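A.B. asks: This is the structure, below, for whatever I ask next.
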Amino acid sequence: MIEYKNVLTVCPYCGCGCNFYLQVLDGELVGILPCKSHLVSQGKLCIKGWNAADFVISKDRLTKPLMKKNGKFVEISWDEALKVVTEKLKQYSPDAVAVLSSAKCTNEENYLMMKFARAVLKTNSVDHCARLCHASTVVGLGKTFGSGAMTNSIGELEDADCIFVIGSNTTEQHPLIARYIMRARAKGAKLIVADPRLIPLTQFADYHLRQRPGTDVALLNGFMNVILKEGWEDKKFINERTEGFAELKEVVKKYTPEYVEKITGIPKELIMEAARIYAQAKSASLVYSMGITQHTTGVDNVVSCSNLALLTGNVGRPSTGVNPLRGQSNVQGACDVGALPNVYSGYQSVADENTHAKFEKAWDTELPSQPGLTVVEMMNEAAKGNLKAIYIMGENPMLSDPDIHQVKKALENLEFLVVQDIFLTETAQLADLVLPGTSYAERDGTFTATDRRVQRIRKAIEPRGESKPDWQIICALARKMGSKGFEYSSPAEIMDEIASVTPIDGGIGYERIEDIGLQWPCPSKEHPGTPYLHQGKFSRGKGKFFGIEFKEAAELPDADYPFILTTGRTIFHYHTGTMTRRTEALNREVPTGYVEINFKDAEKLNIFEGEIVSVKSRRGKIEVKVQVTRKVPEGVIFIPFHFAESPANALTNSAFDPVAKIPEYKVCAVQVEKKPSLP
Ligand SMILES: Nc1nc2c(c(=O)[nH]1)N[C@H]1C(S)=C(S)[C@@H](COP(=O)(O)OP(=O)(O)OC[C@H]3O[C@@H](n4cnc5c(=O)[nH]c(N)nc54)[C@H](O)[C@@H]3O)O[C@H]1N2
Ligand SMILES: Nc1nc2c(c(=O)[nH]1)N[C@H]1C(S)=C(S)[C@@H](COP(=O)(O)OP(=O)(O)OC[C@H]3O[C@@H](n4cnc5c(=O)[nH]c(N)nc54)[C@H](O)[C@@H]3O)O[C@H]1N2
Ligand code: SF4
Ligand SMILES: [Mo]
């Protein structure tokens with residue numbers, strides 16, 4: 001009998017959290033249908049969402065555990081695989097092991113992975129790609145507001161009077177959020193975009209502020225200088241709801257529009273005009289992403305965004321706020337449930353004695369209290385030989401981490417590397433053992449979208465071959481290592497445990513999120529969830545200003561490396577391409593890597609559209625196809641990091657923000673060379 005069904009689930013790509021139906025015919029995945037009733041996506045999807053079935057049924061999917069013997073992978077049984085992993089991991093002291101969790105995996109799996117690291121391996125060295133992404137947000141907004149998450153909801157953007165997009169290519173990277181910005185625009189809202197590149201949104205912007213990369217602190221201080229000079233600040237809000245104003249006022253004094261023009265290259269009139277528009281709007285929403293966070297001054301940039309919103313009273317009301325757009329389908333969730341080296345679920349500090357005692361009691365075991373290593377630190381320690389084994393679930397650092405020559409050295413230096421993925425990635429190829437996980441379409445769980453909305457993903461088809469859901473693999477390993485507390489019968493049961501130890505998720509359970517999901521904080525079963533944060537009171541009490549001085553990026557152009565390289569994404573591909581490059585419709589649009597170079601620079605270097613050039617930094621060199629364009633300004637080139645054949649991260653700098661430890665993906669110095677032509 002032919003069985004046909006539609007299974008409602010969440011898109012596995014970005015943090016917009018769009019819902020769609022997986023169409024299943026006779027047990028096989030045959031297509032995607034959008035979901036009209038979903039709050040955010042409302043029956044729309046971007047091109048990746050429409051095509052999110054292809055990679056699931058790819059022939060390249062991992063179907064059996066693999067072990068490297070004499071330099072080659074051979075298939076082994078699950079029994080053998082689990083035995084090898086447990087025997088190996090048991091050999092090492094807690095300081096010599098680390099775990100990378102995954103924003104592609106569910107909340108339940110991330111919770112289990114951090115529980116595995118802490119309760120079984122006895123280390124707090126658990127981290128994930130949020131470190132490369134919004135670590136600056138978690139630290140920065142934590143300091144100023146007390147909570148490092150998007151303050152408002154996606155839908156609220158539509159009713160803002162002014163939207164200030166800084167360092168977010170929203171149309172390409174959060175397409176279904178960009179829709180709400182466009183709707184606001186259609187209703188008459190003013191749009192300010194601060195971005196060094198021409199991006200689709202700049203066509204619709206009332207003001208495009210085109211700064212030199214890495215100068216956002218100066219720009220934001222410039223806004224605040226103008227606002228204070230003109231008396232446009234919200235005095236009542238500042239008095240009643242904030243602290244630290246005097247410090248801020250003192251610091252921004254010298255950031256006059258003239259001075260800021262010198263640093264950023266943005267004409268002072270534009271800065272003055274844009275500052276006025278933002279300050280005088282009844283409700284202004286600030287939206288940011290990697291253009292703000294991925295700098296050695298990432299935390300400073302985030303705090304500056306928050307300073308501006310506090311100064312003008314644009315927090316704690318609908319359609320206002322400071323809105324970091326979280327990237328991965330479940331990066332918000334992976335952070336929320338504690339896949340970070342310094343906190344348990346719900347951002348409860350590992351260093352806090354009461355929290356420590358609470359988790360020791362809940363999990364009935366001894367736990368480490370020293371915060372663990374972050375992503376880049378793990379690679380550094382592995383290179384030095386201090387870290388001996390890493391267990392990576394659903395990440396591909398061999399393409400996504402900065403300075404991949406170093407990453408390769410580090411991973412090769414390990415005594416034992418286990419990778420749990422759905423494909424044999426560049427990272428998995430270096431592993432001693434590879435465990436096959438299932439894709440999002442083959443298991444149950446929850447993802448948390450960027451606006452803190454916890455939503456259900458649902459199993460539509462059976463796992464490929466012998467692959468297993470990540471949560472089952474972690475549980476099987478933990479039990480094999482002799483640990484208690486990993487006997488779950490379903491993801492729903494894991495969520496109940498999360499709710500029981502995590503105040504912000506206290507009221508969340510599967511029975512409540514069958515339809516539309518719930519936004520944390522949701523402390524009790526009666527609580528309706530929280531569309532916007534900090535109403536009446538900030539999570540930390542008062543909102544805090546910090547006076548922030550501008551600092552240059554770690555590596556600036558010079559005579560040898562005269563260009564600034566900035567890296568990022570295109571709408572058609574996702575990160576290291578494991579999924580989108582196995583999707584025909586997407587590959588057809590952008591089949592290989594490229595470098596965007598300004599037409600004047602191209603002319604000076606005598607290079608042409610489509611030509612292959614070499615791009616070199618102090619760390620490496622790649623060959624890549626040229627796109628001559630106006631999208632980047634003179635002196636700046638852009639390379640997306642999706643492509644293994646021209647990996648941007650062979651060039652990037654692993655210098656990181658001192659507190660958030662996020663690497664500077666958005667600025668480093670490079671040279672572009674025309675290749676000698678054939679005789
Ligand atoms: N199609 C697609 N969508 C994605 C992803 C993907 O890989 N592909 N990844 C997801 C993930 S994990 C993330 S984190 C998000 C990222 O989403 P975004 O942050 O929007 O994407 P990026 O391309 O990294 O960079 C954002 C913008 O920052 C600008 N920029 C560069 N340097 C600076 C600077 O110094 N200052 C300012 N103000 N801007 C600067 C760039 O020109 C770019 O327009 O996207 C998510 N969505
Ligand atoms: N140069 C440069 N580098 C960057 C950035 C940049 O802007 N510029 N951005 C950074 C940012 S913001 C991010 S978020 C990181 C992303 O870095 P990564 O997280 O390393 O990149 P992904 O390709 O998303 O890796 C996810 C992996 O999970 C696998 N996977 C998918 N679904 C599942 C599943 O259900 N289970 C398991 N076990 N595995 C699964 C995929 O096959 C893939 O190998 O890259 C960072 N790197
Ligand atoms: S906007 Fe994001 S969540 Fe929505 S369909 Fe596209 S990739 Fe998926
Ligand atoms: Mo990200």
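Just remember, in the structure tokens the first chain shown is A, the second B, etc., residues are 1-based per chain, and ligands are 1-based in the order shown.
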Grab me every residue within 6 Å of ligand 1, counting only C-alpha atoms and all ligand atoms, and send it over as a VMD selection string.
C.D. replies: chain A and resid 14 133 166 to 170 172 to 174 194 to 197 199 213 to 214 216 289 to 292 326 to 328 566 568 to 575 666
A.B. asks: Name each residue within 6 Å of ligand 2, counting only C-alpha atoms and all ligand atoms, as a VMD selection string.
C.D. replies: chain A and resid 104 to 105 129 to 130 132 to 133 393 to 397 400 to 401 420 to 423 425 437 to 440 470 567 to 568 575 to 578 641 648 to 649 665
A.B. asks: So that I can check the surroundings of Val376 in chain A, please list as a PyMOL selection string every protein, DNA and RNA residue that reaches within 12 Å of it, counting only C-alpha atoms and ignoring chain neighbours fewer than 3 positions away.
C.D. replies: chain A and resi 98+100+125-132+372-373+379-383+397+400-404+406-407+410-411+653-658+660-664
A.B. asks: What does the distance between CA of Leu45 in chain A and CA of Ser101 in chain A come to in Å, to one decimal place?
C.D. replies: 27.3 Å
A.B. asks: Between A:Ala103, A:Leu533, A:Ile498, A:Met67, which is the closest to ligand 4 once you count only C-alpha atoms and all ligand atoms?
C.D. replies: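 Between A:Ala103, A:Leu533, A:Ile498, A:Met67, the residue approaching ligand 4 most closely is A:Ala103.
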A.B. asks: Would you please extract all strand (DSSP E) residues from range 266-494 of chain A, as assigned by DSSP on the backbone, and give them as a ChimeraX atom specification?
C.D. replies: /A:284-288,322-324,343-344,348-349,389-393,416-421,433-436,445-448,453-457
A.B. asks: Using only C-alpha atoms and all ligand atoms, which residues of the polymer chains come no farther than 7 Å from ligand 3? I'd like the answer as a ChimeraX atom specification.
C.D. replies: /A:11-18,41,45-50,174-176,329
A.B. asks: Those same residues - C-alpha atoms - I'd like them written as a tab-separated table (two decimals), in the first residue's frame.
C.D. replies:
chain	number	residue	atom	x	y	z
A	11	CYS	CA	14.11	24.12	8.48
A	12	PRO	CA	17.62	22.79	9.25
A	13	TYR	CA	19.46	25.84	7.93
A	14	CYS	CA	19.23	29.29	9.49
A	15	GLY	CA	17.93	30.72	12.73
A	16	CYS	CA	14.75	32.20	11.21
A	17	GLY	CA	13.12	28.97	12.29
A	18	CYS	CA	10.77	28.62	9.30
A	41	SER	CA	7.42	31.89	7.59
A	45	LEU	CA	10.59	29.74	2.37
A	46	CYS	CA	13.91	30.80	0.91
A	47	ILE	CA	15.60	28.72	-1.75
A	48	LYS	CA	17.51	26.66	0.81
A	49	GLY	CA	14.35	25.78	2.67
A	50	TRP	CA	12.58	24.72	-0.52
A	174	HIS	CA	18.10	35.57	7.20
A	175	PRO	CA	15.79	35.90	4.21
A	176	LEU	CA	12.54	35.39	6.07
A	329	SER	CA	19.02	26.50	13.02
A.B. asks: As a tab-separated table (two decimals) with N, CA, C and O atoms, in the first residue's frame, please: every residue in range 281-526 of chain A that DSSP puts in alpha helix (DSSP H).
C.D. replies:
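Generated output (selection-v1.tsv):
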chain	number	residue	atom	x	y	z
A	290	MET	N	27.08	39.13	12.01
A	290	MET	CA	28.53	38.88	12.04
A	290	MET	C	29.41	40.10	11.76
A	290	MET	O	30.57	40.14	12.16
A	291	GLY	N	28.86	41.11	11.05
A	291	GLY	CA	29.67	42.31	10.80
A	291	GLY	C	30.04	43.00	12.11
A	291	GLY	O	31.03	43.74	12.18
A	292	ILE	N	29.26	42.77	13.15
A	292	ILE	CA	29.51	43.33	14.47
A	292	ILE	C	30.32	42.36	15.35
A	292	ILE	O	31.26	42.75	16.03
A	293	THR	N	29.96	41.08	15.29
A	293	THR	CA	30.54	40.16	16.29
A	293	THR	C	31.92	39.61	15.95
A	293	THR	O	32.72	39.37	16.85
A	298	GLY	N	34.84	42.38	19.10
A	298	GLY	CA	33.45	41.94	19.00
A	298	GLY	C	32.59	42.37	20.18
A	298	GLY	O	31.47	42.88	20.00
A	299	VAL	N	33.10	42.16	21.38
A	299	VAL	CA	32.31	42.53	22.57
A	299	VAL	C	32.12	44.05	22.60
A	299	VAL	O	31.02	44.54	22.86
A	300	ASP	N	33.19	44.80	22.31
A	300	ASP	CA	33.08	46.28	22.28
A	300	ASP	C	32.00	46.70	21.28
A	300	ASP	O	31.22	47.63	21.55
A	301	ASN	N	31.97	46.06	20.13
A	301	ASN	CA	30.97	46.41	19.12
A	301	ASN	C	29.54	46.17	19.63
A	301	ASN	O	28.66	47.00	19.46
A	302	VAL	N	29.37	45.00	20.25
A	302	VAL	CA	28.03	44.65	20.77
A	302	VAL	C	27.62	45.63	21.87
A	302	VAL	O	26.49	46.14	21.89
A	303	VAL	N	28.55	45.92	22.78
A	303	VAL	CA	28.24	46.84	23.88
A	303	VAL	C	27.90	48.23	23.31
A	303	VAL	O	26.99	48.91	23.80
A	304	SER	N	28.57	48.63	22.24
A	304	SER	CA	28.28	49.93	21.63
A	304	SER	C	26.86	49.95	21.05
A	304	SER	O	26.16	50.97	21.14
A	305	CYS	N	26.43	48.84	20.45
A	305	CYS	CA	25.04	48.76	19.94
A	305	CYS	C	24.08	48.93	21.11
A	305	CYS	O	23.08	49.65	21.02
A	306	SER	N	24.40	48.26	22.19
A	306	SER	CA	23.52	48.32	23.35
A	306	SER	C	23.54	49.71	23.98
A	306	SER	O	22.50	50.23	24.39
A	307	ASN	N	24.71	50.37	24.01
A	307	ASN	CA	24.78	51.76	24.50
A	307	ASN	C	23.81	52.66	23.73
A	307	ASN	O	23.08	53.46	24.31
A	308	LEU	N	23.82	52.51	22.41
A	308	LEU	CA	22.99	53.37	21.57
A	308	LEU	C	21.50	53.16	21.86
A	308	LEU	O	20.72	54.12	21.97
A	309	ALA	N	21.11	51.90	22.01
A	309	ALA	CA	19.70	51.61	22.29
A	309	ALA	C	19.29	52.13	23.67
A	309	ALA	O	18.21	52.70	23.84
A	310	LEU	N	20.19	51.98	24.66
A	310	LEU	CA	19.88	52.47	26.00
A	310	LEU	C	19.76	53.99	26.01
A	310	LEU	O	18.87	54.57	26.64
A	311	LEU	N	20.66	54.64	25.29
A	311	LEU	CA	20.70	56.10	25.27
A	311	LEU	C	19.39	56.69	24.74
A	311	LEU	O	18.97	57.77	25.15
A	331	VAL	N	21.52	27.36	16.98
A	331	VAL	CA	22.66	27.89	17.74
A	331	VAL	C	22.15	28.60	19.00
A	331	VAL	O	22.79	28.56	20.05
A	332	GLN	N	20.98	29.20	18.91
A	332	GLN	CA	20.40	29.80	20.11
A	332	GLN	C	20.22	28.70	21.16
A	332	GLN	O	20.62	28.85	22.31
A	333	GLY	N	19.65	27.58	20.72
A	333	GLY	CA	19.38	26.49	21.65
A	333	GLY	C	20.64	25.86	22.21
A	333	GLY	O	20.72	25.55	23.40
A	334	ALA	N	21.65	25.67	21.34
A	334	ALA	CA	22.89	25.03	21.82
A	334	ALA	C	23.51	25.86	22.94
A	334	ALA	O	24.06	25.32	23.90
A	335	CYS	N	23.41	27.20	22.83
A	335	CYS	CA	23.89	28.07	23.91
A	335	CYS	C	22.96	27.95	25.13
A	335	CYS	O	23.42	27.79	26.26
A	336	ASP	N	21.66	28.02	24.87
A	336	ASP	CA	20.69	28.01	25.99
A	336	ASP	C	20.82	26.77	26.87
A	336	ASP	O	20.61	26.83	28.07
A	353	GLU	N	28.96	28.40	43.16
A	353	GLU	CA	28.90	27.24	44.06
A	353	GLU	C	27.52	26.60	44.14
A	353	GLU	O	27.38	25.37	44.15
A	354	ASN	N	26.50	27.44	44.20
A	354	ASN	CA	25.14	26.90	44.32
A	354	ASN	C	24.74	26.12	43.07
A	354	ASN	O	24.12	25.06	43.16
A	355	THR	N	25.10	26.70	41.90
A	355	THR	CA	24.77	26.02	40.65
A	355	THR	C	25.48	24.68	40.58
A	355	THR	O	24.91	23.65	40.22
A	356	HIS	N	26.77	24.72	40.93
A	356	HIS	CA	27.57	23.51	40.93
A	356	HIS	C	26.92	22.42	41.79
A	356	HIS	O	26.73	21.28	41.36
A	357	ALA	N	26.52	22.81	42.98
A	357	ALA	CA	25.90	21.86	43.91
A	357	ALA	C	24.57	21.35	43.33
A	357	ALA	O	24.26	20.16	43.42
A	358	LYS	N	23.83	22.28	42.71
A	358	LYS	CA	22.54	21.89	42.15
A	358	LYS	C	22.70	20.82	41.06
A	358	LYS	O	21.98	19.82	41.04
A	359	PHE	N	23.68	21.02	40.16
A	359	PHE	CA	23.86	20.03	39.08
A	359	PHE	C	24.48	18.73	39.60
A	359	PHE	O	24.15	17.65	39.12
A	360	GLU	N	25.35	18.82	40.61
A	360	GLU	CA	25.89	17.58	41.18
A	360	GLU	C	24.76	16.74	41.77
A	360	GLU	O	24.74	15.52	41.62
A	361	LYS	N	23.81	17.43	42.37
A	361	LYS	CA	22.67	16.72	42.97
A	361	LYS	C	21.77	16.15	41.87
A	361	LYS	O	21.41	14.96	41.88
A	362	ALA	N	21.43	17.01	40.90
A	362	ALA	CA	20.50	16.57	39.85
A	362	ALA	C	21.06	15.39	39.07
A	362	ALA	O	20.33	14.47	38.70
A	363	TRP	N	22.37	15.41	38.81
A	363	TRP	CA	22.97	14.35	37.98
A	363	TRP	C	23.62	13.25	38.83
A	363	TRP	O	24.17	12.30	38.29
A	375	VAL	N	36.68	27.03	21.51
A	375	VAL	CA	37.06	26.38	20.25
A	375	VAL	C	38.52	26.66	19.86
A	375	VAL	O	39.31	25.74	19.68
A	376	VAL	N	38.87	27.95	19.72
A	376	VAL	CA	40.22	28.26	19.25
A	376	VAL	C	41.26	27.81	20.28
A	376	VAL	O	42.34	27.33	19.92
A	377	GLU	N	40.94	27.93	21.54
A	377	GLU	CA	41.87	27.45	22.59
A	377	GLU	C	42.09	25.94	22.50
A	377	GLU	O	43.20	25.44	22.72
A	378	MET	N	41.01	25.21	22.16
A	378	MET	CA	41.17	23.74	22.01
A	378	MET	C	42.20	23.45	20.93
A	378	MET	O	43.07	22.59	21.09
A	379	MET	N	42.08	24.17	19.80
A	379	MET	CA	43.01	23.92	18.70
A	379	MET	C	44.44	24.28	19.13
A	379	MET	O	45.39	23.56	18.82
A	380	ASN	N	44.59	25.39	19.86
A	380	ASN	CA	45.92	25.78	20.32
A	380	ASN	C	46.51	24.73	21.26
A	380	ASN	O	47.68	24.36	21.14
A	381	GLU	N	45.69	24.23	22.18
A	381	GLU	CA	46.17	23.23	23.14
A	381	GLU	C	46.49	21.90	22.45
A	381	GLU	O	47.41	21.19	22.84
A	382	ALA	N	45.70	21.57	21.42
A	382	ALA	CA	45.97	20.33	20.68
A	382	ALA	C	47.29	20.46	19.93
A	382	ALA	O	48.10	19.53	19.90
A	383	ALA	N	47.53	21.64	19.35
A	383	ALA	CA	48.78	21.85	18.61
A	383	ALA	C	49.98	21.72	19.55
A	383	ALA	O	51.03	21.20	19.17
A	384	LYS	N	49.80	22.18	20.80
A	384	LYS	CA	50.90	22.10	21.77
A	384	LYS	C	51.05	20.71	22.35
A	384	LYS	O	52.01	20.43	23.09
A	397	PRO	N	35.36	22.02	11.56
A	397	PRO	CA	36.38	23.05	11.77
A	397	PRO	C	37.46	23.11	10.68
A	397	PRO	O	38.05	24.16	10.49
A	398	MET	N	37.67	22.02	9.96
A	398	MET	CA	38.71	22.05	8.91
A	398	MET	C	38.37	23.03	7.79
A	398	MET	O	39.22	23.33	6.95
A	399	LEU	N	37.14	23.50	7.74
A	399	LEU	CA	36.82	24.60	6.81
A	399	LEU	C	36.32	25.85	7.53
A	399	LEU	O	36.41	26.95	7.00
A	400	SER	N	35.77	25.66	8.73
A	400	SER	CA	35.09	26.80	9.36
A	400	SER	C	35.93	27.56	10.38
A	400	SER	O	35.65	28.72	10.66
A	404	ILE	N	43.13	27.54	8.87
A	404	ILE	CA	42.97	26.08	8.87
A	404	ILE	C	44.28	25.28	8.75
A	404	ILE	O	44.30	24.10	9.05
A	405	HIS	N	45.37	25.93	8.32
A	405	HIS	CA	46.64	25.18	8.33
A	405	HIS	C	46.99	24.81	9.77
A	405	HIS	O	47.44	23.70	10.05
A	406	GLN	N	46.74	25.75	10.67
A	406	GLN	CA	46.97	25.50	12.09
A	406	GLN	C	46.01	24.45	12.62
A	406	GLN	O	46.38	23.58	13.40
A	407	VAL	N	44.74	24.54	12.17
A	407	VAL	CA	43.73	23.58	12.63
A	407	VAL	C	44.14	22.16	12.22
A	407	VAL	O	44.04	21.22	13.00
A	408	LYS	N	44.62	22.04	10.99
A	408	LYS	CA	45.02	20.72	10.50
A	408	LYS	C	46.16	20.16	11.36
A	408	LYS	O	46.11	19.02	11.81
A	409	LYS	N	47.14	21.03	11.62
A	409	LYS	CA	48.26	20.59	12.47
A	409	LYS	C	47.74	20.12	13.83
A	409	LYS	O	48.16	19.10	14.36
A	410	ALA	N	46.82	20.93	14.37
A	410	ALA	CA	46.29	20.62	15.70
A	410	ALA	C	45.56	19.28	15.69
A	410	ALA	O	45.80	18.42	16.54
A	411	LEU	N	44.68	19.08	14.71
A	411	LEU	CA	43.89	17.85	14.69
A	411	LEU	C	44.77	16.64	14.41
A	411	LEU	O	44.56	15.56	14.96
A	412	GLU	N	45.78	16.82	13.57
A	412	GLU	CA	46.69	15.70	13.28
A	412	GLU	C	47.57	15.36	14.49
A	412	GLU	O	48.07	14.25	14.60
A	413	ASN	N	47.73	16.33	15.35
A	413	ASN	CA	48.57	16.12	16.52
A	413	ASN	C	47.85	15.35	17.63
A	413	ASN	O	48.46	14.90	18.60
A	470	ASP	N	21.70	11.43	16.99
A	470	ASP	CA	22.81	11.85	17.85
A	470	ASP	C	22.55	11.58	19.33
A	470	ASP	O	23.45	11.16	20.06
A	471	TRP	N	21.30	11.82	19.77
A	471	TRP	CA	21.02	11.63	21.20
A	471	TRP	C	21.21	10.18	21.61
A	471	TRP	O	21.72	9.89	22.69
A	472	GLN	N	20.87	9.27	20.71
A	472	GLN	CA	21.03	7.84	21.05
A	472	GLN	C	22.50	7.46	21.09
A	472	GLN	O	22.92	6.64	21.92
A	473	ILE	N	23.30	8.06	20.21
A	473	ILE	CA	24.73	7.73	20.20
A	473	ILE	C	25.38	8.20	21.51
A	473	ILE	O	26.14	7.45	22.15
A	474	ILE	N	25.06	9.44	21.91
A	474	ILE	CA	25.67	9.97	23.15
A	474	ILE	C	25.27	9.10	24.34
A	474	ILE	O	26.11	8.76	25.19
A	475	CYS	N	24.00	8.75	24.40
A	475	CYS	CA	23.53	7.92	25.53
A	475	CYS	C	24.23	6.57	25.54
A	475	CYS	O	24.65	6.08	26.59
A	476	ALA	N	24.36	5.97	24.35
A	476	ALA	CA	24.99	4.65	24.29
A	476	ALA	C	26.44	4.73	24.76
A	476	ALA	O	26.93	3.87	25.51
A	477	LEU	N	27.14	5.80	24.34
A	477	LEU	CA	28.54	5.97	24.76
A	477	LEU	C	28.64	6.17	26.27
A	477	LEU	O	29.48	5.56	26.92
A	478	ALA	N	27.77	7.02	26.79
A	478	ALA	CA	27.82	7.32	28.23
A	478	ALA	C	27.58	6.05	29.04
A	478	ALA	O	28.28	5.77	30.03
A	479	ARG	N	26.61	5.27	28.59
A	479	ARG	CA	26.30	4.03	29.33
A	479	ARG	C	27.47	3.05	29.24
A	479	ARG	O	27.85	2.42	30.22
A	480	LYS	N	28.07	2.98	28.07
A	480	LYS	CA	29.21	2.08	27.88
A	480	LYS	C	30.38	2.50	28.77
A	480	LYS	O	31.20	1.69	29.18
A	491	PRO	N	13.38	11.95	23.23
A	491	PRO	CA	13.79	13.35	23.41
A	491	PRO	C	12.86	14.12	24.35
A	491	PRO	O	13.31	15.00	25.08
A	492	ALA	N	11.56	13.77	24.35
A	492	ALA	CA	10.62	14.47	25.23
A	492	ALA	C	11.05	14.34	26.69
A	492	ALA	O	10.96	15.28	27.47
A	493	GLU	N	11.55	13.16	27.03
A	493	GLU	CA	11.98	12.93	28.40
A	493	GLU	C	13.22	13.76	28.73
A	493	GLU	O	13.37	14.25	29.85
A	494	ILE	N	14.09	13.94	27.73
A	494	ILE	CA	15.29	14.77	27.95
A	494	ILE	C	14.85	16.22	28.16
A	494	ILE	O	15.35	16.92	29.04
A	495	MET	N	13.87	16.67	27.36
A	495	MET	CA	13.37	18.05	27.53
A	495	MET	C	12.79	18.25	28.93
A	495	MET	O	12.99	19.30	29.54
A	496	ASP	N	12.12	17.24	29.45
A	496	ASP	CA	11.59	17.38	30.81
A	496	ASP	C	12.72	17.57	31.81
A	496	ASP	O	12.62	18.36	32.75
A	497	GLU	N	13.83	16.87	31.60
A	497	GLU	CA	14.97	17.06	32.50
A	497	GLU	C	15.55	18.48	32.34
A	497	GLU	O	15.88	19.15	33.32
A	498	ILE	N	15.65	18.94	31.09
A	498	ILE	CA	16.16	20.30	30.86
A	498	ILE	C	15.29	21.30	31.63
A	498	ILE	O	15.79	22.16	32.36
A	499	ALA	N	13.98	21.15	31.48
A	499	ALA	CA	13.05	22.09	32.15
A	499	ALA	C	13.26	22.05	33.66
A	499	ALA	O	13.20	23.08	34.34
A	500	SER	N	13.55	20.86	34.20
A	500	SER	CA	13.64	20.75	35.66
A	500	SER	C	14.90	21.41	36.23
A	500	SER	O	14.93	21.75	37.40
A	501	VAL	N	15.94	21.61	35.42
A	501	VAL	CA	17.17	22.22	35.96
A	501	VAL	C	17.46	23.61	35.37
A	501	VAL	O	18.48	24.22	35.68
A.B. asks: Fewer than 4 positions away in the same chain doesn't count, so skip those; otherwise give me all residues within 12 Å of range 180-184 of chain A, counting only C-alpha atoms, as a VMD selection string.
C.D. replies: chain A and resid 16 39 to 42 153 to 165 169 to 171 174 to 176 188 to 193 200 to 205 283 to 287 319
A.B. asks: Determine the nearest neighbour of Phe416 in chain A from the options A:Phe223, A:Tyr391, A:Tyr347, A:Tyr111, counting only C-alpha atoms.
C.D. replies: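 Answer, going by the shortest atom-to-atom distance: A:Tyr391.
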A.B. asks: I want to know what sits within 8 Å of Lys542 in chain A, based on only C-alpha atoms, with residues of the same chain fewer than 5 positions away left out; could you give that as a list in words?
C.D. replies: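 Final neighbour list, sorted by chain and number: Phe145, Arg241, Thr242, Glu243 and Lys537 of chain A.
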A.B. asks: Tell me which protein, DNA and RNA residues are within 8 Å of Val138 in chain A, counting only C-alpha atoms, leaving out same-chain ones fewer than 4 positions away, and put them as a ChimeraX atom specification.
C.D. replies: /A:134,142,147-149
A.B. asks: Would you please work out which residue, of A:Ile564, A:Val615, A:Ile513, A:Ala135, is nearest to ligand 4 when using only C-alpha atoms and all ligand atoms?
C.D. replies: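 Result for the nearest residue to ligand 4: A:Ala135.
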A.B. asks: Calculate how many Å separate CA of Val251 in chain A from CA of Phe546 in chain A, rounding to one decimal.
C.D. replies: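 Separation of CA of Val251 in chain A and CA of Phe546 in chain A: 9.0 Å.
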A.B. asks: As a ChimeraX atom specification, please: the residues near Tyr259 in chain A (cut-off 9 Å, only C-alpha atoms, same-chain neighbours under 4 positions excluded).
C.D. replies: /A:218,222,254-255,263-264,268
